[in-house]
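Enquirer: Structure incoming, see below.
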Amino acid sequence: MPQITVHGPALSTYVRTTRMILEETNTPYELKPVDILSGEQNAPEYLAKHPFGKVPTLEVDGQYLYETCAIAEYLDAAVNNGGFTPDDLMTQARMRQIMAIVDSYLYGPAISTITIQRLIVPSQGGETDTAAVEAAIPKVQTALKAIEAIATCSPYLLGDTVTLADLYLLPVVFYLSNTPDWEAVISETPQLKTWWDTASQLPSFRQVLK
């Protein structure tokens, strides 16, 4: 069994995605926190692992791997025999399409804007930029509509078993569900709301929220 360390803050959506794969497969690992609020991700020691200063970085027997899409597919193959990747080629493509939508179109407005402005800024004594939030809501709605259009939500995104797409999307939607904008962003995608009600009960997901 390889020695696996996840470098990153426990509250990160992408750290949670990585940890869910490990939790789902009962794979031993160590979580080594990175304090992104104090800028630890930009320290030379961390940049030696991840030159772009993002989280997480996966360490496997002293080798470092970054970018969550690469980490997720590596772990699925290494510790789960590809169990989170559909056999059907089109369904595989849909899975990667959803992951790409999260990376390219959902994460920015959902996390970098709405979550930061609604949850982080007030917790640090600041005032929410409501104009920025209002501008981000339609972008989140567009991304969620795109995901719903290619998902089956029966009950998971791509069928009756969990895929990497579910593990990718869950942590992002979790933060949205804790903002006052939740009903607005989810109102036009009822199938995704039903998916969330089911998928959010996965034991691995509840575990990484602790």
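As shown in the structure tokens, the chain order sets the letters A, B, ...; within each chain, residues go from 1, and ligands are also counted from 1 in the order they appear.
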Using only C-alpha atoms, which residues of region 150-185 of chain A come within 12 Å of region 22-26 of chain A, and what is the closest atom pair for each, with the distance in Å to one decimal? Give it as CSV, sorted by chain and residue number.
Expert:
```
residue,atom,partner,partner_atom,distance
A:Val162,CA,A:Glu24,CA,10.1
A:Thr163,CA,A:Glu24,CA,11.2
A:Leu164,CA,A:Glu24,CA,11.3
A:Leu167,CA,A:Glu24,CA,10.1
```
Enquirer: Tell me, which residues of region 28-197 of chain A carry DSSP strand (DSSP E), written as a PyMOL selection string?
Expert: chain A and resi 30-32+57-60+63-66
Enquirer: Against region 199-207 of chain A, which residues of region 146-180 of chain A fall within 8 Å? For each one I want the closest pair of atoms and the distance in Å (one decimal), counting only C-alpha atoms, rows by chain and increasing residue number, as JSON lines.
Expert:
```
{"residue": "A:Pro155", "atom": "CA", "partner": "A:Ala199", "partner_atom": "CA", "distance": 7.8}
{"residue": "A:Tyr156", "atom": "CA", "partner": "A:Ala199", "partner_atom": "CA", "distance": 6.6}
{"residue": "A:Asp166", "atom": "CA", "partner": "A:Ala199", "partner_atom": "CA", "distance": 7.6}
{"residue": "A:Leu170", "atom": "CA", "partner": "A:Ser200", "partner_atom": "CA", "distance": 6.9}
```
Enquirer: Restricting the output to C-alpha atoms, write the selected residues as a JSON list (two decimals), in the first residue's frame.
Expert:
```json
[["chain", "number", "residue", "atom", "x", "y", "z"],
["A", 155, "PRO", "CA", -30.13, 8.95, -8.38],
["A", 156, "TYR", "CA", -26.50, 9.96, -9.00],
["A", 166, "ASP", "CA", -20.54, 13.30, -8.12],
["A", 170, "LEU", "CA", -20.77, 17.66, -4.10]]
```
Enquirer: Give me the residues near region 136-147 of chain A as a PDB file with all heavy atoms, in the first residue's frame, where near means some atom within 7 Å (using only C-alpha atoms) and where sequence neighbours in that chain fewer than 2 positions away do not count.
Expert:
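Wrote out-v2.pdb, looks like this:
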```pdb
ATOM      1  N   ILE A  98     -18.704  17.045 -17.017  1.00  0.00           N
ATOM      2  CA  ILE A  98     -19.200  17.653 -15.781  1.00  0.00           C
ATOM      3  C   ILE A  98     -18.040  18.168 -14.943  1.00  0.00           C
ATOM      4  O   ILE A  98     -18.088  19.283 -14.392  1.00  0.00           O
ATOM      5  CB  ILE A  98     -20.053  16.652 -14.985  1.00  0.00           C
ATOM      6  CG1 ILE A  98     -21.363  16.383 -15.717  1.00  0.00           C
ATOM      7  CG2 ILE A  98     -20.335  17.169 -13.571  1.00  0.00           C
ATOM      8  CD1 ILE A  98     -22.193  15.245 -15.142  1.00  0.00           C
ATOM      9  N   ILE A 101     -16.873  21.366 -16.434  1.00  0.00           N
ATOM     10  CA  ILE A 101     -17.806  22.465 -16.163  1.00  0.00           C
ATOM     11  C   ILE A 101     -17.578  23.002 -14.755  1.00  0.00           C
ATOM     12  O   ILE A 101     -17.561  24.227 -14.533  1.00  0.00           O
ATOM     13  CB  ILE A 101     -19.260  21.996 -16.345  1.00  0.00           C
ATOM     14  CG1 ILE A 101     -19.557  21.738 -17.820  1.00  0.00           C
ATOM     15  CG2 ILE A 101     -20.245  23.045 -15.793  1.00  0.00           C
ATOM     16  CD1 ILE A 101     -20.891  21.049 -18.082  1.00  0.00           C
ATOM     17  N   TYR A 105     -16.395  26.709 -15.181  1.00  0.00           N
ATOM     18  CA  TYR A 105     -17.541  27.609 -15.206  1.00  0.00           C
ATOM     19  C   TYR A 105     -18.283  27.732 -13.874  1.00  0.00           C
ATOM     20  O   TYR A 105     -18.970  28.731 -13.649  1.00  0.00           O
ATOM     21  CB  TYR A 105     -18.532  27.156 -16.284  1.00  0.00           C
ATOM     22  CG  TYR A 105     -17.892  26.990 -17.634  1.00  0.00           C
ATOM     23  CD1 TYR A 105     -17.709  25.724 -18.192  1.00  0.00           C
ATOM     24  CD2 TYR A 105     -17.433  28.093 -18.347  1.00  0.00           C
ATOM     25  CE1 TYR A 105     -17.097  25.561 -19.423  1.00  0.00           C
ATOM     26  CE2 TYR A 105     -16.816  27.946 -19.579  1.00  0.00           C
ATOM     27  CZ  TYR A 105     -16.646  26.675 -20.117  1.00  0.00           C
ATOM     28  OH  TYR A 105     -16.032  26.525 -21.333  1.00  0.00           O
ATOM     29  N   LEU A 106     -18.177  26.739 -13.003  1.00  0.00           N
ATOM     30  CA  LEU A 106     -18.932  26.779 -11.752  1.00  0.00           C
ATOM     31  C   LEU A 106     -18.101  27.251 -10.566  1.00  0.00           C
ATOM     32  O   LEU A 106     -18.561  28.069  -9.779  1.00  0.00           O
ATOM     33  CB  LEU A 106     -19.520  25.395 -11.448  1.00  0.00           C
ATOM     34  CG  LEU A 106     -20.348  25.276 -10.156  1.00  0.00           C
ATOM     35  CD1 LEU A 106     -21.559  26.219 -10.188  1.00  0.00           C
ATOM     36  CD2 LEU A 106     -20.797  23.837  -9.928  1.00  0.00           C
ATOM     37  N   PRO A 109     -17.602  31.494  -9.966  1.00  0.00           N
ATOM     38  CA  PRO A 109     -18.719  32.249  -9.385  1.00  0.00           C
ATOM     39  C   PRO A 109     -19.265  31.643  -8.099  1.00  0.00           C
ATOM     40  O   PRO A 109     -19.675  32.369  -7.194  1.00  0.00           O
ATOM     41  CB  PRO A 109     -19.767  32.257 -10.492  1.00  0.00           C
ATOM     42  CG  PRO A 109     -19.437  31.083 -11.357  1.00  0.00           C
ATOM     43  CD  PRO A 109     -17.947  30.958 -11.299  1.00  0.00           C
ATOM     44  N   ALA A 110     -19.257  30.313  -7.984  1.00  0.00           N
ATOM     45  CA  ALA A 110     -19.852  29.661  -6.813  1.00  0.00           C
ATOM     46  C   ALA A 110     -18.984  29.788  -5.568  1.00  0.00           C
ATOM     47  O   ALA A 110     -19.483  30.096  -4.479  1.00  0.00           O
ATOM     48  CB  ALA A 110     -20.114  28.185  -7.098  1.00  0.00           C
ATOM     49  N   THR A 113     -16.568  33.694  -5.645  1.00  0.00           N
ATOM     50  CA  THR A 113     -17.390  34.886  -5.438  1.00  0.00           C
ATOM     51  C   THR A 113     -18.458  34.667  -4.365  1.00  0.00           C
ATOM     52  O   THR A 113     -18.377  35.234  -3.278  1.00  0.00           O
ATOM     53  CB  THR A 113     -18.055  35.340  -6.754  1.00  0.00           C
ATOM     54  OG1 THR A 113     -17.042  35.636  -7.717  1.00  0.00           O
ATOM     55  CG2 THR A 113     -18.885  36.609  -6.523  1.00  0.00           C
ATOM     56  N   ILE A 114     -19.461  33.835  -4.631  1.00  0.00           N
ATOM     57  CA  ILE A 114     -20.593  33.734  -3.707  1.00  0.00           C
ATOM     58  C   ILE A 114     -20.165  33.223  -2.337  1.00  0.00           C
ATOM     59  O   ILE A 114     -20.485  33.822  -1.302  1.00  0.00           O
ATOM     60  CB  ILE A 114     -21.701  32.841  -4.300  1.00  0.00           C
ATOM     61  CG1 ILE A 114     -22.297  33.498  -5.560  1.00  0.00           C
ATOM     62  CG2 ILE A 114     -22.801  32.602  -3.257  1.00  0.00           C
ATOM     63  CD1 ILE A 114     -23.348  32.660  -6.262  1.00  0.00           C
ATOM     64  N   ALA A 132     -21.367  41.889  -6.479  1.00  0.00           N
ATOM     65  CA  ALA A 132     -20.589  40.776  -7.028  1.00  0.00           C
ATOM     66  C   ALA A 132     -21.369  39.478  -6.923  1.00  0.00           C
ATOM     67  O   ALA A 132     -21.369  38.657  -7.846  1.00  0.00           O
ATOM     68  CB  ALA A 132     -19.255  40.659  -6.301  1.00  0.00           C
ATOM     69  N   VAL A 133     -22.052  39.293  -5.799  1.00  0.00           N
ATOM     70  CA  VAL A 133     -22.868  38.086  -5.619  1.00  0.00           C
ATOM     71  C   VAL A 133     -23.983  38.038  -6.648  1.00  0.00           C
ATOM     72  O   VAL A 133     -24.221  37.003  -7.289  1.00  0.00           O
ATOM     73  CB  VAL A 133     -23.437  38.023  -4.194  1.00  0.00           C
ATOM     74  CG1 VAL A 133     -24.469  36.903  -4.073  1.00  0.00           C
ATOM     75  CG2 VAL A 133     -22.322  37.835  -3.178  1.00  0.00           C
ATOM     76  N   GLU A 134     -24.679  39.133  -6.814  1.00  0.00           N
ATOM     77  CA  GLU A 134     -25.793  39.180  -7.763  1.00  0.00           C
ATOM     78  C   GLU A 134     -25.321  38.903  -9.186  1.00  0.00           C
ATOM     79  O   GLU A 134     -26.030  38.265  -9.975  1.00  0.00           O
ATOM     80  CB  GLU A 134     -26.498  40.524  -7.666  1.00  0.00           C
ATOM     81  CG  GLU A 134     -27.280  40.701  -6.356  1.00  0.00           C
ATOM     82  CD  GLU A 134     -27.810  42.110  -6.163  1.00  0.00           C
ATOM     83  OE1 GLU A 134     -27.594  42.959  -7.065  1.00  0.00           O
ATOM     84  OE2 GLU A 134     -28.431  42.375  -5.112  1.00  0.00           O
ATOM     85  N   ALA A 149     -28.487  19.225 -17.781  1.00  0.00           N
ATOM     86  CA  ALA A 149     -28.867  18.838 -19.142  1.00  0.00           C
ATOM     87  C   ALA A 149     -28.178  17.553 -19.600  1.00  0.00           C
ATOM     88  O   ALA A 149     -28.704  16.845 -20.463  1.00  0.00           O
ATOM     89  CB  ALA A 149     -28.550  19.969 -20.117  1.00  0.00           C
ATOM     90  N   ILE A 150     -27.003  17.241 -19.022  1.00  0.00           N
ATOM     91  CA  ILE A 150     -26.292  16.041 -19.455  1.00  0.00           C
ATOM     92  C   ILE A 150     -26.295  14.957 -18.382  1.00  0.00           C
ATOM     93  O   ILE A 150     -25.761  13.862 -18.604  1.00  0.00           O
ATOM     94  CB  ILE A 150     -24.840  16.359 -19.867  1.00  0.00           C
ATOM     95  CG1 ILE A 150     -24.056  16.963 -18.695  1.00  0.00           C
ATOM     96  CG2 ILE A 150     -24.828  17.301 -21.053  1.00  0.00           C
ATOM     97  CD1 ILE A 150     -22.602  17.226 -19.023  1.00  0.00           C
ATOM     98  N   ALA A 151     -26.886  15.248 -17.221  1.00  0.00           N
ATOM     99  CA  ALA A 151     -26.944  14.270 -16.139  1.00  0.00           C
ATOM    100  C   ALA A 151     -28.269  13.518 -16.162  1.00  0.00           C
ATOM    101  O   ALA A 151     -29.253  13.986 -16.733  1.00  0.00           O
ATOM    102  CB  ALA A 151     -26.764  14.973 -14.793  1.00  0.00           C
ATOM    103  N   VAL A 185     -30.096  29.890  -6.728  1.00  0.00           N
ATOM    104  CA  VAL A 185     -29.216  29.214  -7.678  1.00  0.00           C
ATOM    105  C   VAL A 185     -29.717  27.826  -8.061  1.00  0.00           C
ATOM    106  O   VAL A 185     -29.427  27.339  -9.154  1.00  0.00           O
ATOM    107  CB  VAL A 185     -27.765  29.114  -7.148  1.00  0.00           C
ATOM    108  CG1 VAL A 185     -27.182  30.486  -6.902  1.00  0.00           C
ATOM    109  CG2 VAL A 185     -27.676  28.266  -5.892  1.00  0.00           C
ATOM    110  N   THR A 189     -33.052  24.165 -11.475  1.00  0.00           N
ATOM    111  CA  THR A 189     -32.515  22.823 -11.746  1.00  0.00           C
ATOM    112  C   THR A 189     -33.041  21.847 -10.685  1.00  0.00           C
ATOM    113  O   THR A 189     -32.283  21.376  -9.826  1.00  0.00           O
ATOM    114  CB  THR A 189     -30.969  22.842 -11.743  1.00  0.00           C
ATOM    115  OG1 THR A 189     -30.506  23.581 -10.590  1.00  0.00           O
ATOM    116  CG2 THR A 189     -30.429  23.485 -13.001  1.00  0.00           C
TER     117      THR A 189
END
```
Enquirer: From the DSSP assignment of the backbone, select every residue of region 104-183 of chain A that is helix (DSSP H, G or I), and format the answer as a ChimeraX atom specification.
Expert: /A:104-123,130-150,164-177,182-183
